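> Before we start, here is the structure in question, set down as structure tokens.
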Amino acid sequence: MTDKEEEEELRDEIPSHAYISLARRGMEKISLDQCFLKNCDNDSSELLEPFKKEEFEDEKKKITKIHIKCKKCEGTFILKLENIKSVAKSTKESEQEPLSMGLVFALDEEGNNLGHIGYF
Ligand SMILES: [Zn+2]
């Protein structure tokens with residue numbers, strides 16, 4: 001697999017948008033194609049290069065960390081996608097999809113939390 005293909009594959013793992021709760025004013029949709037590092041206003045996906053993925057999974061949640069290099073500020077940040085799985089299925093015959101909810105966090109290169117971005 002070429003670097004370009006690998007980059008595209010990682011890009012597919014990143015939801016294009018997250019939703020931020022604005023209390024009584026509903027939800028705001030924001031693009032995840034942006035650099036979350038301080039003092040950087042890069043919001044062009046062309047300048048963002050995902051290069052590494054880490055996955056962790058247990059019975060309660062699945063965590064995917066995508067490492068992204070910003071070509072504008074030359075910094076690296078991590079998008080952490082946390083998928084909470086539903087509490088055990090209620091009945092055996094239930095055909096319902098298990099409920100799941102996703103949370104998005106931004107981390108800096110050292111893994112320090114830059115903040116909870118929103119939901120996806
Ligand atoms: Zn940047």
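Note on naming: chains are A, B, ... as they come in the structure tokens, residues start from 1 per chain, ligands start from 1 in the order shown.
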Mind listing the residues within 10 Å of ligand 1, only C-alpha atoms and all ligand atoms counted, as number ranges by chain?
A: 34-44, 47-48, 68-77
> Pick out the residues sitting within 8 Å of Met101 in chain A, and hand them over as a list in words; count only C-alpha atoms, and ignore anything fewer than 3 positions along from it in its own chain.
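So, after excluding close chain neighbours, the residues are Asn83, Ile84, Lys85, Tyr119 and Phe120 of chain A.
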> Please determine, counting only C-alpha atoms, which residue among A:Asp108, A:Glu54, A:Glu82, A:Glu49 has the shortest atom-to-atom distance to Asp3 in chain A.
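Distance minimum relative to Asp3 in chain A lands on A:Glu49.
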> Neighbouring residues of Ile14 in chain A were defined as those with any atom within 10 Å, considering only C-alpha atoms; residues of the same chain fewer than 2 positions away were excluded. Please report them as a PyMOL selection string.
chain A and resi 9-12+16-17+32-33+50+64-66+79-81+104+120
> I need the chosen residues saved as a CSV table (one decimal), in the first residue's frame, with all heavy atoms.

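Generated file (selection_2.csv):
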chain,number,residue,atom,x,y,z
A,9,GLU,N,-7.1,6.0,3.5
A,9,GLU,CA,-7.8,5.0,4.3
A,9,GLU,C,-8.0,5.6,5.7
A,9,GLU,O,-9.1,5.5,6.3
A,9,GLU,CB,-7.0,3.7,4.4
A,9,GLU,CG,-7.9,2.5,4.7
A,9,GLU,CD,-7.1,1.2,4.6
A,9,GLU,OE1,-7.0,0.8,3.4
A,9,GLU,OE2,-6.7,0.7,5.6
A,10,LEU,N,-7.0,6.3,6.3
A,10,LEU,CA,-7.1,6.9,7.6
A,10,LEU,C,-8.1,8.0,7.6
A,10,LEU,O,-8.9,8.2,8.5
A,10,LEU,CB,-5.7,7.4,8.0
A,10,LEU,CG,-4.7,6.4,8.5
A,10,LEU,CD1,-3.4,7.1,8.8
A,10,LEU,CD2,-5.2,5.6,9.7
A,11,ARG,N,-8.1,8.7,6.4
A,11,ARG,CA,-9.1,9.8,6.3
A,11,ARG,C,-10.5,9.3,6.4
A,11,ARG,O,-11.4,10.0,6.9
A,11,ARG,CB,-8.8,10.5,5.0
A,11,ARG,CG,-8.9,12.0,5.0
A,11,ARG,CD,-8.7,12.6,3.7
A,11,ARG,NE,-7.3,12.9,3.4
A,11,ARG,CZ,-6.6,14.0,3.9
A,11,ARG,NH1,-7.3,14.8,4.7
A,11,ARG,NH2,-5.4,14.2,3.7
A,12,ASP,N,-10.7,8.2,5.8
A,12,ASP,CA,-12.1,7.6,5.9
A,12,ASP,C,-12.5,7.2,7.3
A,12,ASP,O,-13.7,7.1,7.5
A,12,ASP,CB,-12.1,6.3,5.0
A,12,ASP,CG,-12.1,6.6,3.5
A,12,ASP,OD1,-12.4,7.7,3.2
A,12,ASP,OD2,-11.9,5.6,2.8
A,16,SER,N,-16.6,13.3,9.2
A,16,SER,CA,-16.4,14.6,8.6
A,16,SER,C,-16.8,15.8,9.5
A,16,SER,O,-16.3,16.9,9.5
A,16,SER,CB,-17.0,14.7,7.2
A,16,SER,OG,-18.4,14.4,7.4
A,17,HIS,N,-17.8,15.4,10.4
A,17,HIS,CA,-18.3,16.5,11.2
A,17,HIS,C,-18.5,16.0,12.7
A,17,HIS,O,-18.7,14.8,12.9
A,17,HIS,CB,-19.7,16.9,10.8
A,17,HIS,CG,-19.6,17.6,9.4
A,17,HIS,ND1,-19.8,17.0,8.3
A,17,HIS,CD2,-19.4,18.9,9.1
A,17,HIS,CE1,-19.6,17.8,7.3
A,17,HIS,NE2,-19.4,19.0,7.8
A,32,LEU,N,-14.5,18.5,11.2
A,32,LEU,CA,-13.3,18.0,11.8
A,32,LEU,C,-12.0,18.1,10.9
A,32,LEU,O,-10.9,17.7,11.3
A,32,LEU,CB,-13.5,16.5,12.2
A,32,LEU,CG,-14.5,16.2,13.4
A,32,LEU,CD1,-14.6,14.8,13.6
A,32,LEU,CD2,-14.0,16.9,14.6
A,33,ASP,N,-12.3,18.7,9.7
A,33,ASP,CA,-11.1,19.0,8.9
A,33,ASP,C,-10.5,20.3,9.3
A,33,ASP,O,-10.6,21.3,8.6
A,33,ASP,CB,-11.6,19.1,7.4
A,33,ASP,CG,-11.9,17.7,6.8
A,33,ASP,OD1,-11.3,16.7,7.3
A,33,ASP,OD2,-12.8,17.6,5.9
A,50,PRO,N,-3.3,12.7,7.9
A,50,PRO,CA,-3.4,11.6,8.9
A,50,PRO,C,-2.3,10.5,8.6
A,50,PRO,O,-2.1,10.2,7.4
A,50,PRO,CB,-4.8,11.0,8.7
A,50,PRO,CG,-5.3,11.6,7.5
A,50,PRO,CD,-4.4,12.7,7.0
A,64,THR,N,-10.5,5.0,19.0
A,64,THR,CA,-9.7,5.1,17.8
A,64,THR,C,-8.9,6.4,17.9
A,64,THR,O,-9.5,7.4,18.1
A,64,THR,CB,-10.5,5.0,16.5
A,64,THR,OG1,-11.4,3.9,16.5
A,64,THR,CG2,-9.6,5.0,15.3
A,65,LYS,N,-7.6,6.3,17.8
A,65,LYS,CA,-6.8,7.5,17.8
A,65,LYS,C,-6.2,7.7,16.5
A,65,LYS,O,-5.5,6.8,16.0
A,65,LYS,CB,-5.7,7.5,18.9
A,65,LYS,CG,-6.2,7.7,20.3
A,65,LYS,CD,-5.0,7.6,21.2
A,65,LYS,CE,-5.4,7.9,22.7
A,65,LYS,NZ,-4.2,7.7,23.5
A,66,ILE,N,-6.4,8.8,15.8
A,66,ILE,CA,-5.8,9.1,14.5
A,66,ILE,C,-4.8,10.3,14.7
A,66,ILE,O,-5.2,11.3,15.2
A,66,ILE,CB,-6.9,9.6,13.5
A,66,ILE,CG1,-8.2,8.7,13.6
A,66,ILE,CG2,-6.3,9.7,12.1
A,66,ILE,CD1,-8.2,7.6,12.6
A,79,LEU,N,-6.7,13.0,17.0
A,79,LEU,CA,-8.1,13.0,17.2
A,79,LEU,C,-8.5,11.7,17.8
A,79,LEU,O,-8.2,10.6,17.3
A,79,LEU,CB,-8.9,13.1,15.8
A,79,LEU,CG,-9.2,14.4,15.2
A,79,LEU,CD1,-10.0,14.2,13.9
A,79,LEU,CD2,-9.9,15.3,16.2
A,80,LYS,N,-9.1,11.8,19.0
A,80,LYS,CA,-9.5,10.6,19.7
A,80,LYS,C,-11.0,10.4,19.6
A,80,LYS,O,-11.8,11.2,20.0
A,80,LYS,CB,-9.1,10.7,21.2
A,80,LYS,CG,-9.5,9.5,22.0
A,80,LYS,CD,-8.9,9.7,23.4
A,80,LYS,CE,-9.8,9.1,24.4
A,80,LYS,NZ,-9.5,9.5,25.8
A,81,LEU,N,-11.4,9.3,19.0
A,81,LEU,CA,-12.8,9.0,18.7
A,81,LEU,C,-13.2,7.9,19.7
A,81,LEU,O,-12.6,6.8,19.7
A,81,LEU,CB,-13.0,8.5,17.3
A,81,LEU,CG,-12.5,9.4,16.2
A,81,LEU,CD1,-12.5,8.7,14.9
A,81,LEU,CD2,-13.3,10.7,16.1
A,104,VAL,N,-15.8,12.9,20.5
A,104,VAL,CA,-14.5,13.3,19.8
A,104,VAL,C,-13.7,14.2,20.7
A,104,VAL,O,-14.2,15.2,21.3
A,104,VAL,CB,-14.7,14.1,18.5
A,104,VAL,CG1,-13.5,14.2,17.7
A,104,VAL,CG2,-15.8,13.5,17.7
A,120,PHE,N,-20.2,12.6,17.6
A,120,PHE,CA,-20.4,12.3,16.2
A,120,PHE,C,-21.3,11.1,16.0
A,120,PHE,O,-21.6,10.5,17.0
A,120,PHE,CB,-19.0,12.0,15.5
A,120,PHE,CG,-18.3,10.7,16.0
A,120,PHE,CD1,-18.5,9.5,15.3
A,120,PHE,CD2,-17.5,10.7,17.1
A,120,PHE,CE1,-17.9,8.3,15.8
A,120,PHE,CE2,-16.9,9.5,17.5
A,120,PHE,CZ,-17.1,8.3,16.9
> Counting only C-alpha atoms, which residue out of A:Glu59, A:Ala23, A:Phe105, A:Glu13 sits closest to Ile117 in chain A?
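Of A:Glu59, A:Ala23, A:Phe105, A:Glu13, the one nearest Ile117 in chain A is A:Phe105, counting only C-alpha atoms.
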> Rounded to one decimal, what separation in Å do you get between CA of Ser21 in chain A and CA of Gly118 in chain A?
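Going from CA of Ser21 in chain A over to CA of Gly118 in chain A covers 7.2 Å.
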> Go through A:Pro15, A:Glu8, A:His67, A:Ile78 one by one, measure the shortest atom-to-atom distance of each to Gly102 in chain A using only C-alpha atoms, and give the residue with the smallest value.
A:Pro15
> My list of candidates is A:Leu103, A:Ile63, A:Met1, A:Leu114. Which is closest to Ile20 in chain A when distances are computed with only C-alpha atoms?
A:Leu103
> Could you pull out the residues in chain A that DSSP calls alpha helix (DSSP H) from the backbone, as a list in words?
Asp3, Lys4, Glu5, Glu6, Glu7, Glu8, Glu9, Leu10, Arg11, Asp12 and Glu13 of chain A
> Restricting it to N, CA, C and O atoms, dump the selection as a PDB file, in the first residue's frame.

ATOM      1  N   ASP A   3       1.851   5.309   0.561  1.00  0.00           N
ATOM      2  CA  ASP A   3       1.559   6.275   1.618  1.00  0.00           C
ATOM      3  C   ASP A   3       0.257   7.010   1.353  1.00  0.00           C
ATOM      4  O   ASP A   3      -0.514   7.284   2.251  1.00  0.00           O
ATOM      5  N   LYS A   4       0.043   7.310   0.081  1.00  0.00           N
ATOM      6  CA  LYS A   4      -1.155   8.070  -0.298  1.00  0.00           C
ATOM      7  C   LYS A   4      -2.413   7.248  -0.006  1.00  0.00           C
ATOM      8  O   LYS A   4      -3.382   7.757   0.534  1.00  0.00           O
ATOM      9  N   GLU A   5      -2.354   5.963  -0.347  1.00  0.00           N
ATOM     10  CA  GLU A   5      -3.511   5.100  -0.102  1.00  0.00           C
ATOM     11  C   GLU A   5      -3.771   4.951   1.395  1.00  0.00           C
ATOM     12  O   GLU A   5      -4.904   4.940   1.850  1.00  0.00           O
ATOM     13  N   GLU A   6      -2.678   4.835   2.129  1.00  0.00           N
ATOM     14  CA  GLU A   6      -2.804   4.686   3.568  1.00  0.00           C
ATOM     15  C   GLU A   6      -3.421   5.943   4.174  1.00  0.00           C
ATOM     16  O   GLU A   6      -4.270   5.871   5.051  1.00  0.00           O
ATOM     17  N   GLU A   7      -2.991   7.082   3.653  1.00  0.00           N
ATOM     18  CA  GLU A   7      -3.527   8.354   4.130  1.00  0.00           C
ATOM     19  C   GLU A   7      -5.022   8.438   3.848  1.00  0.00           C
ATOM     20  O   GLU A   7      -5.813   8.852   4.695  1.00  0.00           O
ATOM     21  N   GLU A   8      -5.423   8.007   2.652  1.00  0.00           N
ATOM     22  CA  GLU A   8      -6.835   8.048   2.291  1.00  0.00           C
ATOM     23  C   GLU A   8      -7.660   7.140   3.189  1.00  0.00           C
ATOM     24  O   GLU A   8      -8.774   7.458   3.578  1.00  0.00           O
ATOM     25  N   GLU A   9      -7.076   5.984   3.503  1.00  0.00           N
ATOM     26  CA  GLU A   9      -7.784   5.036   4.337  1.00  0.00           C
ATOM     27  C   GLU A   9      -7.996   5.597   5.745  1.00  0.00           C
ATOM     28  O   GLU A   9      -9.054   5.452   6.338  1.00  0.00           O
ATOM     29  N   LEU A  10      -6.971   6.256   6.267  1.00  0.00           N
ATOM     30  CA  LEU A  10      -7.087   6.880   7.581  1.00  0.00           C
ATOM     31  C   LEU A  10      -8.118   8.003   7.553  1.00  0.00           C
ATOM     32  O   LEU A  10      -8.890   8.190   8.481  1.00  0.00           O
ATOM     33  N   ARG A  11      -8.109   8.744   6.447  1.00  0.00           N
ATOM     34  CA  ARG A  11      -9.057   9.841   6.302  1.00  0.00           C
ATOM     35  C   ARG A  11     -10.502   9.345   6.382  1.00  0.00           C
ATOM     36  O   ARG A  11     -11.371  10.016   6.904  1.00  0.00           O
ATOM     37  N   ASP A  12     -10.728   8.157   5.825  1.00  0.00           N
ATOM     38  CA  ASP A  12     -12.068   7.567   5.854  1.00  0.00           C
ATOM     39  C   ASP A  12     -12.532   7.246   7.268  1.00  0.00           C
ATOM     40  O   ASP A  12     -13.721   7.109   7.526  1.00  0.00           O
ATOM     41  N   GLU A  13     -11.604   7.055   8.163  1.00  0.00           N
ATOM     42  CA  GLU A  13     -11.942   6.721   9.549  1.00  0.00           C
ATOM     43  C   GLU A  13     -12.408   7.941  10.342  1.00  0.00           C
ATOM     44  O   GLU A  13     -13.007   7.813  11.396  1.00  0.00           O
TER      45      GLU A  13
END
> Step one, run DSSP on the backbone; step two, keep only residues of chain A assigned to strand (DSSP E); then write them as a PyMOL selection string.
chain A and resi 17-21+27-31+48-57+61-70+76-84+101-108+113-119
> Would you save the residues from that selection as a PDB file, in the first residue's frame, using C-alpha atoms?

ATOM      1  CA  HIS A  17     -18.324  16.458  11.249  1.00  0.00           C
ATOM      2  CA  ALA A  18     -18.923  16.596  14.954  1.00  0.00           C
ATOM      3  CA  TYR A  19     -21.793  18.165  16.816  1.00  0.00           C
ATOM      4  CA  ILE A  20     -21.323  20.540  19.696  1.00  0.00           C
ATOM      5  CA  SER A  21     -24.069  20.923  22.216  1.00  0.00           C
ATOM      6  CA  MET A  27     -26.425  21.590  18.352  1.00  0.00           C
ATOM      7  CA  GLU A  28     -23.811  23.171  16.180  1.00  0.00           C
ATOM      8  CA  LYS A  29     -22.186  21.181  13.410  1.00  0.00           C
ATOM      9  CA  ILE A  30     -18.450  21.661  13.044  1.00  0.00           C
ATOM     10  CA  SER A  31     -15.994  20.258  10.567  1.00  0.00           C
ATOM     11  CA  LEU A  48      -3.888  17.809   7.147  1.00  0.00           C
ATOM     12  CA  GLU A  49      -2.108  14.529   6.810  1.00  0.00           C
ATOM     13  CA  PRO A  50      -3.351  11.586   8.888  1.00  0.00           C
ATOM     14  CA  PHE A  51      -0.448   9.167   9.283  1.00  0.00           C
ATOM     15  CA  LYS A  52      -1.105   6.744  12.104  1.00  0.00           C
ATOM     16  CA  LYS A  53      -3.986   4.954  13.760  1.00  0.00           C
ATOM     17  CA  GLU A  54      -4.257   3.255  17.138  1.00  0.00           C
ATOM     18  CA  GLU A  55      -7.257   1.248  18.258  1.00  0.00           C
ATOM     19  CA  PHE A  56      -8.265  -0.010  21.665  1.00  0.00           C
ATOM     20  CA  GLU A  57     -11.375  -1.943  22.424  1.00  0.00           C
ATOM     21  CA  LYS A  61     -16.080   1.155  24.341  1.00  0.00           C
ATOM     22  CA  LYS A  62     -13.915   1.375  21.315  1.00  0.00           C
ATOM     23  CA  ILE A  63     -11.272   4.049  21.059  1.00  0.00           C
ATOM     24  CA  THR A  64      -9.656   5.067  17.811  1.00  0.00           C
ATOM     25  CA  LYS A  65      -6.824   7.545  17.828  1.00  0.00           C
ATOM     26  CA  ILE A  66      -5.841   9.138  14.545  1.00  0.00           C
ATOM     27  CA  HIS A  67      -2.536  10.979  14.493  1.00  0.00           C
ATOM     28  CA  ILE A  68      -2.629  13.938  12.144  1.00  0.00           C
ATOM     29  CA  LYS A  69       0.146  16.170  10.939  1.00  0.00           C
ATOM     30  CA  CYS A  70      -0.714  19.770  10.172  1.00  0.00           C
ATOM     31  CA  THR A  76       0.953  17.015  15.202  1.00  0.00           C
ATOM     32  CA  PHE A  77      -2.286  16.377  16.996  1.00  0.00           C
ATOM     33  CA  ILE A  78      -4.445  13.380  17.728  1.00  0.00           C
ATOM     34  CA  LEU A  79      -8.147  12.996  17.164  1.00  0.00           C
ATOM     35  CA  LYS A  80      -9.510  10.573  19.699  1.00  0.00           C
ATOM     36  CA  LEU A  81     -12.796   8.963  18.743  1.00  0.00           C
ATOM     37  CA  GLU A  82     -14.544   7.214  21.557  1.00  0.00           C
ATOM     38  CA  ASN A  83     -17.413   4.932  20.729  1.00  0.00           C
ATOM     39  CA  ILE A  84     -19.494   3.951  23.721  1.00  0.00           C
ATOM     40  CA  MET A 101     -22.605   7.165  20.885  1.00  0.00           C
ATOM     41  CA  GLY A 102     -19.410   8.743  19.765  1.00  0.00           C
ATOM     42  CA  LEU A 103     -17.328  11.368  21.474  1.00  0.00           C
ATOM     43  CA  VAL A 104     -14.519  13.280  19.819  1.00  0.00           C
ATOM     44  CA  PHE A 105     -11.560  14.685  21.707  1.00  0.00           C
ATOM     45  CA  ALA A 106      -8.469  16.467  20.480  1.00  0.00           C
ATOM     46  CA  LEU A 107      -5.099  15.611  22.005  1.00  0.00           C
ATOM     47  CA  ASP A 108      -1.719  17.146  21.381  1.00  0.00           C
ATOM     48  CA  ASN A 113      -6.150  16.701  26.250  1.00  0.00           C
ATOM     49  CA  LEU A 114      -6.925  19.814  24.197  1.00  0.00           C
ATOM     50  CA  GLY A 115     -10.581  19.452  24.908  1.00  0.00           C
ATOM     51  CA  HIS A 116     -13.755  17.618  24.219  1.00  0.00           C
ATOM     52  CA  ILE A 117     -14.775  18.652  20.737  1.00  0.00           C
ATOM     53  CA  GLY A 118     -18.207  17.145  20.488  1.00  0.00           C
ATOM     54  CA  TYR A 119     -20.241  14.180  19.391  1.00  0.00           C
TER      55      TYR A 119
END
